[in-house]
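Beneath this line is the structure, given in structure tokens, with notes to follow.
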Amino acid sequence: MAAQFGRRLRKGAATTAVAAVAVAALSASQAPGVNDHGRQTAADATPSPEASASRGSATGNSPYYTDLPPLKSPNPSPTTGPGPTGTGTTEAGIPATVLDAYKKAESALREAKPGCNLPWQLLAAIGRVESGQARGGRVKADGTTLKPILGPQLDGNGFALIKDTDDGAYDGNSSYDQAVGPMQFIPSTWAWAGRDGNADGKKDPNNVYDAALAAGHYLCRNNWDLSQQGDLDRAILSYNNSRDYLNLVMRWLEYYRKGTHEVPDGTGTLPGNRSDGGAGASPTPTLPGVTTPGTTTPGTTTPGSSGPKPSPKPDRPEKPGGGGTTTPKPPTTPPADTPSPPPTAPPTPTDTVDHLEDAGTGKLAAMAGDAFDRRISTRAETEAGKAVAKVRVRFTIVGDTDTTFTGGESVATVATNSSGVAVAPALEAGEKTGAVTVRATVVGRALPGLDYKATVAERAADALVRTGDAALTCAPGGEFANRVEVKATYKGAVADGVAATATLIKSADDPTVTDKGPYFKDADGKTVRTLTGLKTDAKGLLKLPELYADDTTGTFLLRITTAGGATLTVELTVAAAETSAPSPSAGPSA
């Protein structure tokens, strides 16, 4: 069922305006640029015109949480637990079951659609914006939320108008649709995008494993490569068609890429602001020593508030005999609100790559429809020939071919291992024969690519046998009672789709076509003694059409040949029917 869409009308203009100002402030505080893998930073996440024009959404453009990630970089140690609410460490913490669902979805998509390059941090960013990571990880052990997570009904009153499409099966509303679950799918989208991520036989939008896998497949459709900013923009906008939404998700994506950690289910931080001006999900779980967002401790003022500020420190008292007050000494450290110059970033592994080298791939050859028995291996090296680990290498199949990587993709991105080697997914030969080129390039660097040549050969057989042993005989001018059927194999395995030719020849030593004896008929009933364009079926079988005989008697030969050199010669006999000899006449009696 196609997803239903509508333009979202927002309430709470003041809230939206504040969020927009906050986004602008955050953009100004974080210098735009390109990270170590050539990703565009969130500050540069202005969608292309094609992306901005994207229509529709997974969520029906439902409201979402507008809380921004903290300025403080997370980078927690793996064992760091939740910290004070609002700090980078706390916000980076993702509930254990929710984090596991995101990572399992990424792993599944890496196998199903390697060319998509879906990072689990993108699912985490969308999950944070849509539901606050399933409301702070309030889920059961199997990933199902303790209570259904529902967006407001899409009745056209400040939101899109989407009348009920599921008879209330998912959202309990038989009048209008509502976004459902941790990833906030509307029922009409879930009907075709839903997945079973925890293998329990159900597709439940309120299960974080199911919802995360569905979101991954949804974001990976249309052959999008999410390592490319243009496709990433389109994918995010297809989830909720809003430029503000795109910018916000990009902020959280970059934030989670800098580091995150696991926290116990039910202890994650919860959003406080929604794009329609509504309240946040629910109060943040109370933790020892934690201040709930929006509250203050005595003697403090919430950042951004207009409340009273502490008085500055008074001047020191006048010294005896002095001439007035003493001017305080300049501070030895810069004020807290003075930005420090950004540190010079050390070179990333990608920055050190000088070239790519073949890592012992060997000859790449396969028959049409088969998997290649070798995989492409590429090593990233410095100018001095030293291997470079943790570099993303993109493998692209170029040219007019239907050969793909496993899973049907023509592009795959793989990180180099500790030996600097990236191994591409297995190649699957298509039906088009000939040369195939696979190009390896370094993601984030404008370096010459390394081309690999592969060859797809015609399907072949190396053996042919008859499937029966009945004699093939016919009377002159008649029709053979049995049809010729053969089975083709290659290295002992069934050889399907193999091209074959059948010819009635003059003799074993003379393979030219005979002009007498048995024959086939074409569609017009005319005599034919050579059949071309034949192919074995899925079981490697080839059954020839009916054979007929002219008035010539004798023994004749039918030769069947296939691509790959398999040959079988079958003997045909045309003979008159035997007649019984008359009994001798009785002589006259004596």
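Order determines the names: the first chain of the structure tokens is A, the second B, and so forth; residues in each chain are numbered 1 upward, and ligands are numbered 1 upward as they are shown.
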
Requested in this report: Would you list the contacts of segment 209-216 of chain A as a ChimeraX atom specification, taking every protein, DNA or RNA residue within 9 Å and counting only C-alpha atoms, but skipping same-chain residues closer than 5 positions in sequence?
Outcome: /A:58,97-98,100-102,104-106,108-109,118,120,123-124,127,142-144,181-185,190,193-199,202-204,221,239

For the selection you just gave me, I'd like the residues written to a file as a short mmCIF file (atom, residue, chain, number, x, y, z; two decimals), in the first residue's frame, keeping N, CA, C and O atoms.
```cif
data_model
loop_
_atom_site.label_atom_id
_atom_site.label_comp_id
_atom_site.auth_asym_id
_atom_site.auth_seq_id
_atom_site.Cartn_x
_atom_site.Cartn_y
_atom_site.Cartn_z
N ALA A 58 7.71 8.80 5.92
CA ALA A 58 7.35 7.58 6.65
C ALA A 58 6.40 7.90 7.79
O ALA A 58 5.60 7.06 8.19
N THR A 97 18.81 -2.11 24.97
CA THR A 97 18.03 -2.85 23.97
C THR A 97 17.84 -2.02 22.72
O THR A 97 17.90 -2.55 21.60
N VAL A 98 17.64 -0.73 22.87
CA VAL A 98 17.46 0.15 21.71
C VAL A 98 18.74 0.21 20.89
O VAL A 98 18.72 0.10 19.66
N ASP A 100 21.09 -2.03 20.79
CA ASP A 100 21.27 -3.34 20.15
C ASP A 100 20.42 -3.46 18.89
O ASP A 100 20.86 -4.00 17.87
N ALA A 101 19.20 -2.92 18.93
CA ALA A 101 18.32 -2.98 17.76
C ALA A 101 18.91 -2.19 16.59
O ALA A 101 18.87 -2.63 15.44
N TYR A 102 19.47 -1.01 16.88
CA TYR A 102 20.07 -0.20 15.82
C TYR A 102 21.25 -0.93 15.18
O TYR A 102 21.39 -0.97 13.95
N LYS A 104 21.93 -4.17 15.18
CA LYS A 104 21.50 -5.36 14.44
C LYS A 104 20.89 -4.97 13.09
O LYS A 104 21.08 -5.67 12.09
N ALA A 105 20.16 -3.86 13.05
CA ALA A 105 19.60 -3.39 11.78
C ALA A 105 20.70 -3.00 10.82
O ALA A 105 20.65 -3.33 9.62
N GLU A 106 21.73 -2.32 11.31
CA GLU A 106 22.85 -1.96 10.45
C GLU A 106 23.51 -3.20 9.87
O GLU A 106 23.82 -3.27 8.67
N ALA A 108 22.18 -6.18 9.41
CA ALA A 108 21.29 -6.82 8.43
C ALA A 108 21.33 -6.09 7.10
O ALA A 108 21.35 -6.72 6.03
N LEU A 109 21.36 -4.76 7.13
CA LEU A 109 21.39 -3.99 5.88
C LEU A 109 22.74 -4.09 5.20
O LEU A 109 22.84 -3.99 3.97
N LEU A 118 24.39 2.06 5.34
CA LEU A 118 23.59 2.61 6.44
C LEU A 118 24.37 2.57 7.74
O LEU A 118 24.76 1.50 8.19
N TRP A 120 24.44 2.80 11.85
CA TRP A 120 23.45 2.66 12.91
C TRP A 120 23.22 4.00 13.61
O TRP A 120 22.15 4.25 14.16
N LEU A 123 20.09 5.67 12.44
CA LEU A 123 18.88 5.15 13.09
C LEU A 123 18.75 5.73 14.49
O LEU A 123 17.65 6.07 14.94
N ALA A 124 19.89 5.85 15.19
CA ALA A 124 19.85 6.43 16.54
C ALA A 124 19.42 7.88 16.50
O ALA A 124 18.66 8.34 17.36
N GLY A 127 15.72 7.87 15.78
CA GLY A 127 15.03 7.37 16.98
C GLY A 127 15.01 8.39 18.10
O GLY A 127 14.04 8.48 18.85
N ASP A 142 12.23 -8.26 24.81
CA ASP A 142 12.15 -8.57 23.39
C ASP A 142 12.11 -7.33 22.52
O ASP A 142 12.01 -7.41 21.30
N GLY A 143 12.19 -6.13 23.14
CA GLY A 143 12.22 -4.89 22.38
C GLY A 143 10.88 -4.21 22.22
O GLY A 143 10.81 -3.11 21.63
N THR A 144 9.80 -4.80 22.72
CA THR A 144 8.48 -4.19 22.60
C THR A 144 8.32 -3.12 23.68
O THR A 144 8.67 -3.33 24.83
N GLY A 181 4.93 3.80 17.26
CA GLY A 181 6.15 3.12 17.64
C GLY A 181 7.37 4.00 17.79
O GLY A 181 7.33 5.21 17.55
N PRO A 182 8.50 3.40 18.17
CA PRO A 182 9.72 4.15 18.42
C PRO A 182 10.23 4.90 17.20
O PRO A 182 10.92 5.90 17.32
N MET A 183 9.93 4.40 15.99
CA MET A 183 10.38 5.07 14.77
C MET A 183 9.24 5.79 14.07
O MET A 183 9.40 6.31 12.97
N GLN A 184 8.05 5.82 14.69
CA GLN A 184 6.91 6.65 14.27
C GLN A 184 6.48 6.46 12.81
O GLN A 184 6.37 7.41 12.04
N PHE A 185 6.21 5.21 12.44
CA PHE A 185 5.66 4.93 11.11
C PHE A 185 4.14 5.14 11.14
O PHE A 185 3.48 4.75 12.11
N TRP A 190 3.78 1.47 7.24
CA TRP A 190 4.18 0.22 7.88
C TRP A 190 3.65 -0.99 7.13
O TRP A 190 4.29 -2.05 7.10
N ALA A 193 6.37 -1.35 4.55
CA ALA A 193 7.76 -1.20 5.00
C ALA A 193 8.08 -2.04 6.23
O ALA A 193 9.25 -2.22 6.57
N GLY A 194 7.07 -2.55 6.94
CA GLY A 194 7.29 -3.27 8.18
C GLY A 194 8.18 -4.50 8.01
O GLY A 194 8.17 -5.15 6.97
N ARG A 195 8.98 -4.79 9.03
CA ARG A 195 9.89 -5.93 9.01
C ARG A 195 9.81 -6.67 10.35
O ARG A 195 9.40 -6.10 11.36
N ASP A 196 10.24 -7.92 10.35
CA ASP A 196 10.33 -8.71 11.58
C ASP A 196 11.80 -8.74 11.98
O ASP A 196 12.57 -9.56 11.50
N GLY A 197 12.20 -7.84 12.87
CA GLY A 197 13.61 -7.72 13.23
C GLY A 197 14.07 -8.63 14.34
O GLY A 197 15.27 -8.84 14.49
N ASN A 198 13.15 -9.18 15.12
CA ASN A 198 13.56 -10.06 16.22
C ASN A 198 13.13 -11.51 15.99
O ASN A 198 13.15 -12.33 16.91
N ALA A 199 12.73 -11.82 14.76
CA ALA A 199 12.44 -13.20 14.34
C ALA A 199 11.40 -13.87 15.22
O ALA A 199 11.49 -15.07 15.52
N LYS A 202 6.35 -11.82 13.82
CA LYS A 202 5.44 -10.68 13.75
C LYS A 202 6.17 -9.44 13.28
O LYS A 202 7.38 -9.31 13.46
N LYS A 203 5.42 -8.52 12.69
CA LYS A 203 5.94 -7.22 12.30
C LYS A 203 5.20 -6.17 13.13
O LYS A 203 4.10 -5.77 12.79
N ASP A 204 5.83 -5.78 14.23
CA ASP A 204 5.19 -4.91 15.21
C ASP A 204 5.86 -3.54 15.23
O ASP A 204 7.02 -3.43 15.62
N ARG A 221 15.99 2.40 0.36
CA ARG A 221 15.32 2.13 -0.91
C ARG A 221 15.84 3.10 -1.97
O ARG A 221 16.67 3.95 -1.71
N TYR A 239 11.78 10.63 5.27
CA TYR A 239 11.24 10.18 6.56
C TYR A 239 10.30 11.23 7.15
O TYR A 239 9.25 10.92 7.70
#
```

Requested in this report: Write out as a ChimeraX atom specification each polymer residue whose atoms come within 7 Å of Val486 of chain A, counting only C-alpha atoms; drop sequence neighbours fewer than 3 positions from it.
Outcome: /A:464-467,541-543

Limited to C-alpha atoms, could you put the picked residues into a file as a CSV table (one decimal), in the first residue's frame?
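See again26.csv below for the written result:
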```csv
chain,number,residue,atom,x,y,z
A,464,LEU,CA,25.7,-34.9,-22.1
A,465,VAL,CA,23.8,-38.2,-21.6
A,466,ARG,CA,20.5,-39.6,-22.7
A,467,THR,CA,17.8,-39.8,-20.0
A,541,LEU,CA,17.3,-31.2,-19.4
A,542,LEU,CA,16.8,-30.7,-23.1
A,543,LYS,CA,14.0,-32.4,-24.9
```

Query raised in the report: Can you list every residue in segment 348-561 of chain A that DSSP puts in strand (DSSP E or B), as a VMD selection string?
Result: chain A and resid 355 to 358 364 to 367 371 377 to 381 387 392 to 398 404 to 405 411 to 415 421 to 423 427 to 428 434 to 442 450 to 457 463 to 466 473 to 474 479 485 to 490 493 to 494 499 to 505 513 519 to 521 527 to 528 530 to 535 541 to 543 548 554 to 561

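Atom CA of Val484 of chain A is found 11.3 Å from atom CA of Leu568 of chain A.
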
Near-segment 514-523 of chain A list (8 Å; only C-alpha atoms; drop same-chain fewer than 3 positions) as a JSON list (two decimals) with all heavy atoms, in the first residue's frame:
```json
[["chain", "number", "residue", "atom", "x", "y", "z"],
["A", 504, "LEU", "N", 21.42, -33.31, -37.72],
["A", 504, "LEU", "CA", 21.44, -34.62, -38.36],
["A", 504, "LEU", "C", 22.59, -34.61, -39.36],
["A", 504, "LEU", "O", 22.59, -33.85, -40.33],
["A", 504, "LEU", "CB", 20.10, -34.89, -39.05],
["A", 504, "LEU", "CG", 18.96, -35.10, -38.05],
["A", 504, "LEU", "CD1", 17.63, -34.68, -38.64],
["A", 504, "LEU", "CD2", 18.92, -36.56, -37.60],
["A", 505, "ILE", "N", 23.63, -35.43, -39.06],
["A", 505, "ILE", "CA", 24.88, -35.37, -39.83],
["A", 505, "ILE", "C", 24.99, -36.57, -40.77],
["A", 505, "ILE", "O", 24.29, -37.58, -40.63],
["A", 505, "ILE", "CB", 26.09, -35.32, -38.90],
["A", 505, "ILE", "CG1", 26.14, -36.56, -38.00],
["A", 505, "ILE", "CG2", 26.05, -34.04, -38.04],
["A", 505, "ILE", "CD1", 27.37, -36.61, -37.09],
["A", 506, "LYS", "N", 25.95, -36.46, -41.72],
["A", 506, "LYS", "CA", 26.11, -37.51, -42.72],
["A", 506, "LYS", "C", 26.75, -38.76, -42.12],
["A", 506, "LYS", "O", 26.35, -39.89, -42.43],
["A", 506, "LYS", "CB", 26.94, -36.98, -43.89],
["A", 506, "LYS", "CG", 26.19, -35.96, -44.74],
["A", 506, "LYS", "CD", 27.02, -35.54, -45.96],
["A", 506, "LYS", "CE", 26.22, -34.57, -46.86],
["A", 506, "LYS", "NZ", 27.00, -34.13, -48.03],
["A", 526, "LYS", "N", 7.88, -27.24, -42.53],
["A", 526, "LYS", "CA", 8.94, -27.53, -43.50],
["A", 526, "LYS", "C", 10.04, -28.37, -42.85],
["A", 526, "LYS", "O", 10.24, -28.33, -41.64],
["A", 526, "LYS", "CB", 9.52, -26.23, -44.05],
["A", 526, "LYS", "CG", 8.52, -25.41, -44.85],
["A", 526, "LYS", "CD", 9.16, -24.13, -45.37],
["A", 526, "LYS", "CE", 8.15, -23.31, -46.19],
["A", 526, "LYS", "NZ", 8.76, -22.03, -46.67],
["A", 527, "THR", "N", 10.76, -29.11, -43.70],
["A", 527, "THR", "CA", 11.81, -29.99, -43.23],
["A", 527, "THR", "C", 13.00, -29.18, -42.71],
["A", 527, "THR", "O", 13.48, -28.25, -43.38],
["A", 527, "THR", "CB", 12.28, -30.92, -44.36],
["A", 527, "THR", "OG1", 11.18, -31.75, -44.76],
["A", 527, "THR", "CG2", 13.44, -31.79, -43.91],
["A", 528, "VAL", "N", 13.50, -29.54, -41.51],
["A", 528, "VAL", "CA", 14.66, -28.89, -40.90],
["A", 528, "VAL", "C", 15.56, -29.97, -40.31],
["A", 528, "VAL", "O", 15.07, -30.88, -39.61],
["A", 528, "VAL", "CB", 14.24, -27.92, -39.77],
["A", 528, "VAL", "CG1", 15.47, -27.34, -39.08],
["A", 528, "VAL", "CG2", 13.37, -26.81, -40.31],
["A", 529, "ARG", "N", 16.87, -29.90, -40.62],
["A", 529, "ARG", "CA", 17.78, -30.92, -40.10],
["A", 529, "ARG", "C", 18.84, -30.33, -39.16],
["A", 529, "ARG", "O", 19.73, -31.06, -38.72],
["A", 529, "ARG", "CB", 18.43, -31.69, -41.25],
["A", 529, "ARG", "CG", 17.42, -32.61, -41.97],
["A", 529, "ARG", "CD", 18.10, -33.56, -42.94],
["A", 529, "ARG", "NE", 17.19, -34.60, -43.38],
["A", 529, "ARG", "CZ", 16.44, -34.53, -44.48],
["A", 529, "ARG", "NH1", 16.49, -33.44, -45.25],
["A", 529, "ARG", "NH2", 15.66, -35.54, -44.79],
["A", 530, "THR", "N", 18.72, -29.04, -38.83],
["A", 530, "THR", "CA", 19.58, -28.41, -37.83],
["A", 530, "THR", "C", 18.73, -27.52, -36.94],
["A", 530, "THR", "O", 17.98, -26.67, -37.44],
["A", 530, "THR", "CB", 20.69, -27.56, -38.48],
["A", 530, "THR", "OG1", 21.53, -28.40, -39.26],
["A", 530, "THR", "CG2", 21.55, -26.88, -37.41],
["A", 545, "PRO", "N", 12.30, -31.69, -30.31],
["A", 545, "PRO", "CA", 10.97, -31.87, -30.92],
["A", 545, "PRO", "C", 10.85, -33.26, -31.57],
["A", 545, "PRO", "O", 11.82, -34.03, -31.65],
["A", 545, "PRO", "CB", 10.92, -30.75, -31.97],
["A", 545, "PRO", "CG", 12.00, -29.80, -31.60],
["A", 545, "PRO", "CD", 13.06, -30.61, -30.93],
["A", 546, "GLU", "N", 9.66, -33.55, -32.07],
["A", 546, "GLU", "CA", 9.42, -34.84, -32.73],
["A", 546, "GLU", "C", 10.30, -34.98, -33.97],
["A", 546, "GLU", "O", 10.59, -34.00, -34.66],
["A", 546, "GLU", "CB", 7.96, -34.97, -33.15],
["A", 546, "GLU", "CG", 6.98, -35.11, -32.00],
["A", 546, "GLU", "CD", 6.57, -33.78, -31.39],
["A", 546, "GLU", "OE1", 7.12, -32.74, -31.81],
["A", 546, "GLU", "OE2", 5.72, -33.78, -30.49],
["A", 547, "LEU", "N", 10.72, -36.22, -34.22],
["A", 547, "LEU", "CA", 11.50, -36.56, -35.42],
["A", 547, "LEU", "C", 10.62, -37.33, -36.41],
["A", 547, "LEU", "O", 9.79, -38.15, -36.01],
["A", 547, "LEU", "CB", 12.71, -37.42, -35.04],
["A", 547, "LEU", "CG", 13.98, -36.68, -34.62],
["A", 547, "LEU", "CD1", 14.93, -37.65, -33.93],
["A", 547, "LEU", "CD2", 14.65, -36.04, -35.83],
["A", 548, "TYR", "N", 10.87, -37.06, -37.70],
["A", 548, "TYR", "CA", 10.13, -37.74, -38.77],
["A", 548, "TYR", "C", 11.13, -38.39, -39.71],
["A", 548, "TYR", "O", 12.34, -38.08, -39.68],
["A", 548, "TYR", "CB", 9.26, -36.74, -39.53],
["A", 548, "TYR", "CG", 8.29, -36.00, -38.65],
["A", 548, "TYR", "CD1", 8.66, -34.80, -38.01],
["A", 548, "TYR", "CD2", 7.00, -36.47, -38.44],
["A", 548, "TYR", "CE1", 7.78, -34.12, -37.20],
["A", 548, "TYR", "CE2", 6.10, -35.79, -37.63],
["A", 548, "TYR", "CZ", 6.49, -34.62, -37.01],
["A", 548, "TYR", "OH", 5.62, -33.93, -36.20],
["A", 549, "ALA", "N", 10.65, -39.30, -40.56],
["A", 549, "ALA", "CA", 11.53, -39.98, -41.52],
["A", 549, "ALA", "C", 10.97, -39.85, -42.92],
["A", 549, "ALA", "O", 9.75, -39.88, -43.12],
["A", 549, "ALA", "CB", 11.67, -41.45, -41.15],
["A", 550, "ASP", "N", 11.89, -39.68, -43.89],
["A", 550, "ASP", "CA", 11.45, -39.73, -45.29],
["A", 550, "ASP", "C", 11.47, -41.19, -45.73],
["A", 550, "ASP", "O", 11.48, -42.09, -44.89],
["A", 550, "ASP", "CB", 12.32, -38.83, -46.17],
["A", 550, "ASP", "CG", 13.78, -39.22, -46.17],
["A", 550, "ASP", "OD1", 14.10, -40.35, -45.73],
["A", 550, "ASP", "OD2", 14.62, -38.39, -46.60],
["A", 551, "ASP", "N", 11.52, -41.45, -47.04],
["A", 551, "ASP", "CA", 11.42, -42.84, -47.52],
["A", 551, "ASP", "C", 12.76, -43.56, -47.52],
["A", 551, "ASP", "O", 12.84, -44.74, -47.90],
["A", 551, "ASP", "CB", 10.83, -42.86, -48.93],
["A", 551, "ASP", "CG", 9.38, -42.40, -48.93],
["A", 551, "ASP", "OD1", 8.73, -42.55, -47.88],
["A", 551, "ASP", "OD2", 8.92, -41.88, -49.96],
["A", 552, "THR", "N", 13.85, -42.85, -47.10],
["A", 552, "THR", "CA", 15.18, -43.47, -47.12],
["A", 552, "THR", "C", 15.37, -44.35, -45.88],
["A", 552, "THR", "O", 15.16, -43.90, -44.77],
["A", 552, "THR", "CB", 16.27, -42.40, -47.17],
["A", 552, "THR", "OG1", 16.00, -41.49, -48.23],
["A", 552, "THR", "CG2", 17.63, -43.03, -47.36],
["A", 553, "THR", "N", 15.76, -45.57, -46.10],
["A", 553, "THR", "CA", 16.02, -46.46, -44.96],
["A", 553, "THR", "C", 17.50, -46.47, -44.64],
["A", 553, "THR", "O", 18.33, -46.07, -45.44],
["A", 553, "THR", "CB", 15.54, -47.88, -45.27],
["A", 553, "THR", "OG1", 16.26, -48.37, -46.43],
["A", 553, "THR", "CG2", 14.05, -47.92, -45.54],
["A", 554, "GLY", "N", 17.80, -46.94, -43.44],
["A", 554, "GLY", "CA", 19.20, -47.03, -43.04],
["A", 554, "GLY", "C", 19.41, -46.53, -41.61],
["A", 554, "GLY", "O", 18.46, -46.26, -40.87],
["A", 556, "PHE", "N", 21.13, -43.58, -39.22],
["A", 556, "PHE", "CA", 21.48, -42.15, -39.31],
["A", 556, "PHE", "C", 21.95, -41.66, -37.94],
["A", 556, "PHE", "O", 21.65, -42.28, -36.91],
["A", 556, "PHE", "CB", 20.28, -41.33, -39.79],
["A", 556, "PHE", "CG", 19.76, -41.80, -41.13],
["A", 556, "PHE", "CD1", 18.78, -42.80, -41.21],
["A", 556, "PHE", "CD2", 20.25, -41.26, -42.31],
["A", 556, "PHE", "CE1", 18.30, -43.23, -42.42],
["A", 556, "PHE", "CE2", 19.77, -41.69, -43.54],
["A", 556, "PHE", "CZ", 18.79, -42.68, -43.60],
["A", 572, "LEU", "N", 19.92, -43.26, -35.02],
["A", 572, "LEU", "CA", 18.52, -43.36, -35.44],
["A", 572, "LEU", "C", 18.42, -44.42, -36.54],
["A", 572, "LEU", "O", 19.28, -44.49, -37.42],
["A", 572, "LEU", "CB", 18.02, -42.01, -35.97],
["A", 572, "LEU", "CG", 18.21, -40.79, -35.07],
["A", 572, "LEU", "CD1", 17.81, -39.52, -35.83],
["A", 572, "LEU", "CD2", 17.39, -40.92, -33.81],
["A", 574, "VAL", "N", 15.94, -46.13, -39.54],
["A", 574, "VAL", "CA", 14.72, -46.11, -40.37],
["A", 574, "VAL", "C", 14.68, -47.44, -41.13],
["A", 574, "VAL", "O", 15.58, -47.73, -41.93],
["A", 574, "VAL", "CB", 14.72, -44.93, -41.35],
["A", 574, "VAL", "CG1", 13.44, -44.96, -42.21],
["A", 574, "VAL", "CG2", 14.85, -43.62, -40.60]]
```

Query - Contacts of Asp496 of chain A at 12 Å (only C-alpha atoms; same-chain gap of 3+ positions) as a ChimeraX atom specification - result: /A:367-370,458-461,487-490,493,499-500,534-542,562-563

Query raised in the report: What is the atom CA of Ala169 of chain A to atom CA of Tyr218 of chain A distance in Å?
Result: 21.0 Å

Requested in this report: Would you list the contacts of Leu450 of chain A as a list in words, taking every protein, DNA or RNA residue within 7 Å and counting only C-alpha atoms, but skipping same-chain residues closer than 6 positions in sequence?
Outcome: Leu356, Arg439, Ala440 and Thr441 of chain A

Output N, CA, C and O atoms for every residue in that selection, as a CSV table (one decimal), in the first residue's frame.
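Result saved to result.csv:
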```csv
chain,number,residue,atom,x,y,z
A,356,LEU,N,46.1,2.8,-3.9
A,356,LEU,CA,45.6,1.5,-3.6
A,356,LEU,C,46.4,0.5,-4.4
A,356,LEU,O,46.8,0.7,-5.5
A,439,ARG,N,35.8,-1.0,-10.0
A,439,ARG,CA,36.7,0.1,-9.7
A,439,ARG,C,36.8,0.3,-8.2
A,439,ARG,O,35.7,0.5,-7.5
A,440,ALA,N,37.9,0.3,-7.6
A,440,ALA,CA,38.1,0.6,-6.2
A,440,ALA,C,38.6,2.0,-6.0
A,440,ALA,O,39.6,2.4,-6.7
A,441,THR,N,38.0,2.8,-5.1
A,441,THR,CA,38.4,4.1,-4.8
A,441,THR,C,38.4,4.3,-3.3
A,441,THR,O,37.7,3.6,-2.6
```

Sorted by chain and rising residue number, which residues of segment 164-209 of chain A lie within 10 Å of segment 145-149 of chain A, and what are their closest atom pairs and distances in Å to one decimal, counting only C-alpha atoms, as CSV?
```
residue,atom,partner,partner_atom,distance
A:Tyr170,CA,A:Pro148,CA,9.4
A:Asp171,CA,A:Pro148,CA,8.4
A:Gly172,CA,A:Pro148,CA,9.9
A:Gln178,CA,A:Ile149,CA,9.8
A:Ala179,CA,A:Ile149,CA,8.2
A:Val180,CA,A:Ile149,CA,5.8
A:Gly181,CA,A:Ile149,CA,4.8
A:Pro182,CA,A:Ile149,CA,6.5
A:Met183,CA,A:Ile149,CA,9.2
A:Gln184,CA,A:Ile149,CA,7.8
A:Pro205,CA,A:Pro148,CA,9.1
A:Asn206,CA,A:Thr145,CA,5.8
A:Asn207,CA,A:Thr145,CA,6.2
A:Val208,CA,A:Thr145,CA,7.4
```

Query - Atomic distance atom CA of Val443 of chain A - atom CA of Pro425 of chain A, expressed in Å with one decimal - result: 16.8 Å

Query - Every residue of segment 141-274 of chain A that DSSP places in helix (DSSP H, G or I), as a PyMOL selection string - result: chain A and resi 187-193+208-219+221-223+229-239+243-257

Save out the residues we just selected, C-alpha atoms, as a CSV table (one decimal), in the first residue's frame.
```csv
chain,number,residue,atom,x,y,z
A,187,PRO,CA,0.1,2.6,9.4
A,188,SER,CA,-0.1,2.9,5.6
A,189,THR,CA,3.7,3.0,5.4
A,190,TRP,CA,4.2,0.2,7.9
A,191,ALA,CA,1.9,-2.0,5.8
A,192,TRP,CA,4.6,-2.3,3.1
A,193,ALA,CA,7.8,-1.2,5.0
A,208,VAL,CA,12.2,-1.5,18.5
A,209,TYR,CA,13.9,-4.4,16.6
A,210,ASP,CA,11.1,-4.5,14.0
A,211,ALA,CA,10.9,-0.7,13.7
A,212,ALA,CA,14.7,-0.2,13.4
A,213,LEU,CA,15.0,-2.8,10.7
A,214,ALA,CA,12.0,-1.3,8.8
A,215,ALA,CA,13.5,2.2,9.1
A,216,GLY,CA,16.8,0.8,7.7
A,217,HIS,CA,15.1,-0.7,4.7
A,218,TYR,CA,13.0,2.4,4.2
A,219,LEU,CA,16.1,4.6,4.2
A,221,ARG,CA,15.3,2.1,-0.9
A,222,ASN,CA,15.7,3.8,-4.3
A,223,ASN,CA,19.4,2.6,-4.5
A,229,GLN,CA,25.4,13.6,1.2
A,230,GLY,CA,22.8,14.0,-1.6
A,231,ASP,CA,21.3,10.6,-1.0
A,232,LEU,CA,21.5,11.0,2.7
A,233,ASP,CA,19.5,14.2,2.5
A,234,ARG,CA,16.9,12.5,0.3
A,235,ALA,CA,16.6,9.6,2.7
A,236,ILE,CA,16.1,11.8,5.8
A,237,LEU,CA,13.6,14.1,4.0
A,238,SER,CA,11.7,11.0,2.9
A,239,TYR,CA,11.2,10.2,6.6
A,243,ARG,CA,14.4,21.1,6.2
A,244,ASP,CA,14.4,21.7,10.0
A,245,TYR,CA,14.0,18.0,10.5
A,246,LEU,CA,16.9,17.2,8.2
A,247,ASN,CA,19.2,19.7,10.0
A,248,LEU,CA,18.2,18.3,13.4
A,249,VAL,CA,18.7,14.7,12.4
A,250,MET,CA,22.1,15.6,10.9
A,251,ARG,CA,23.1,17.2,14.3
A,252,TRP,CA,22.3,14.1,16.2
A,253,LEU,CA,23.9,11.9,13.6
A,254,GLU,CA,27.2,13.8,13.9
A,255,TYR,CA,26.9,13.8,17.7
A,256,TYR,CA,26.5,10.1,17.9
A,257,ARG,CA,29.3,9.5,15.4
```
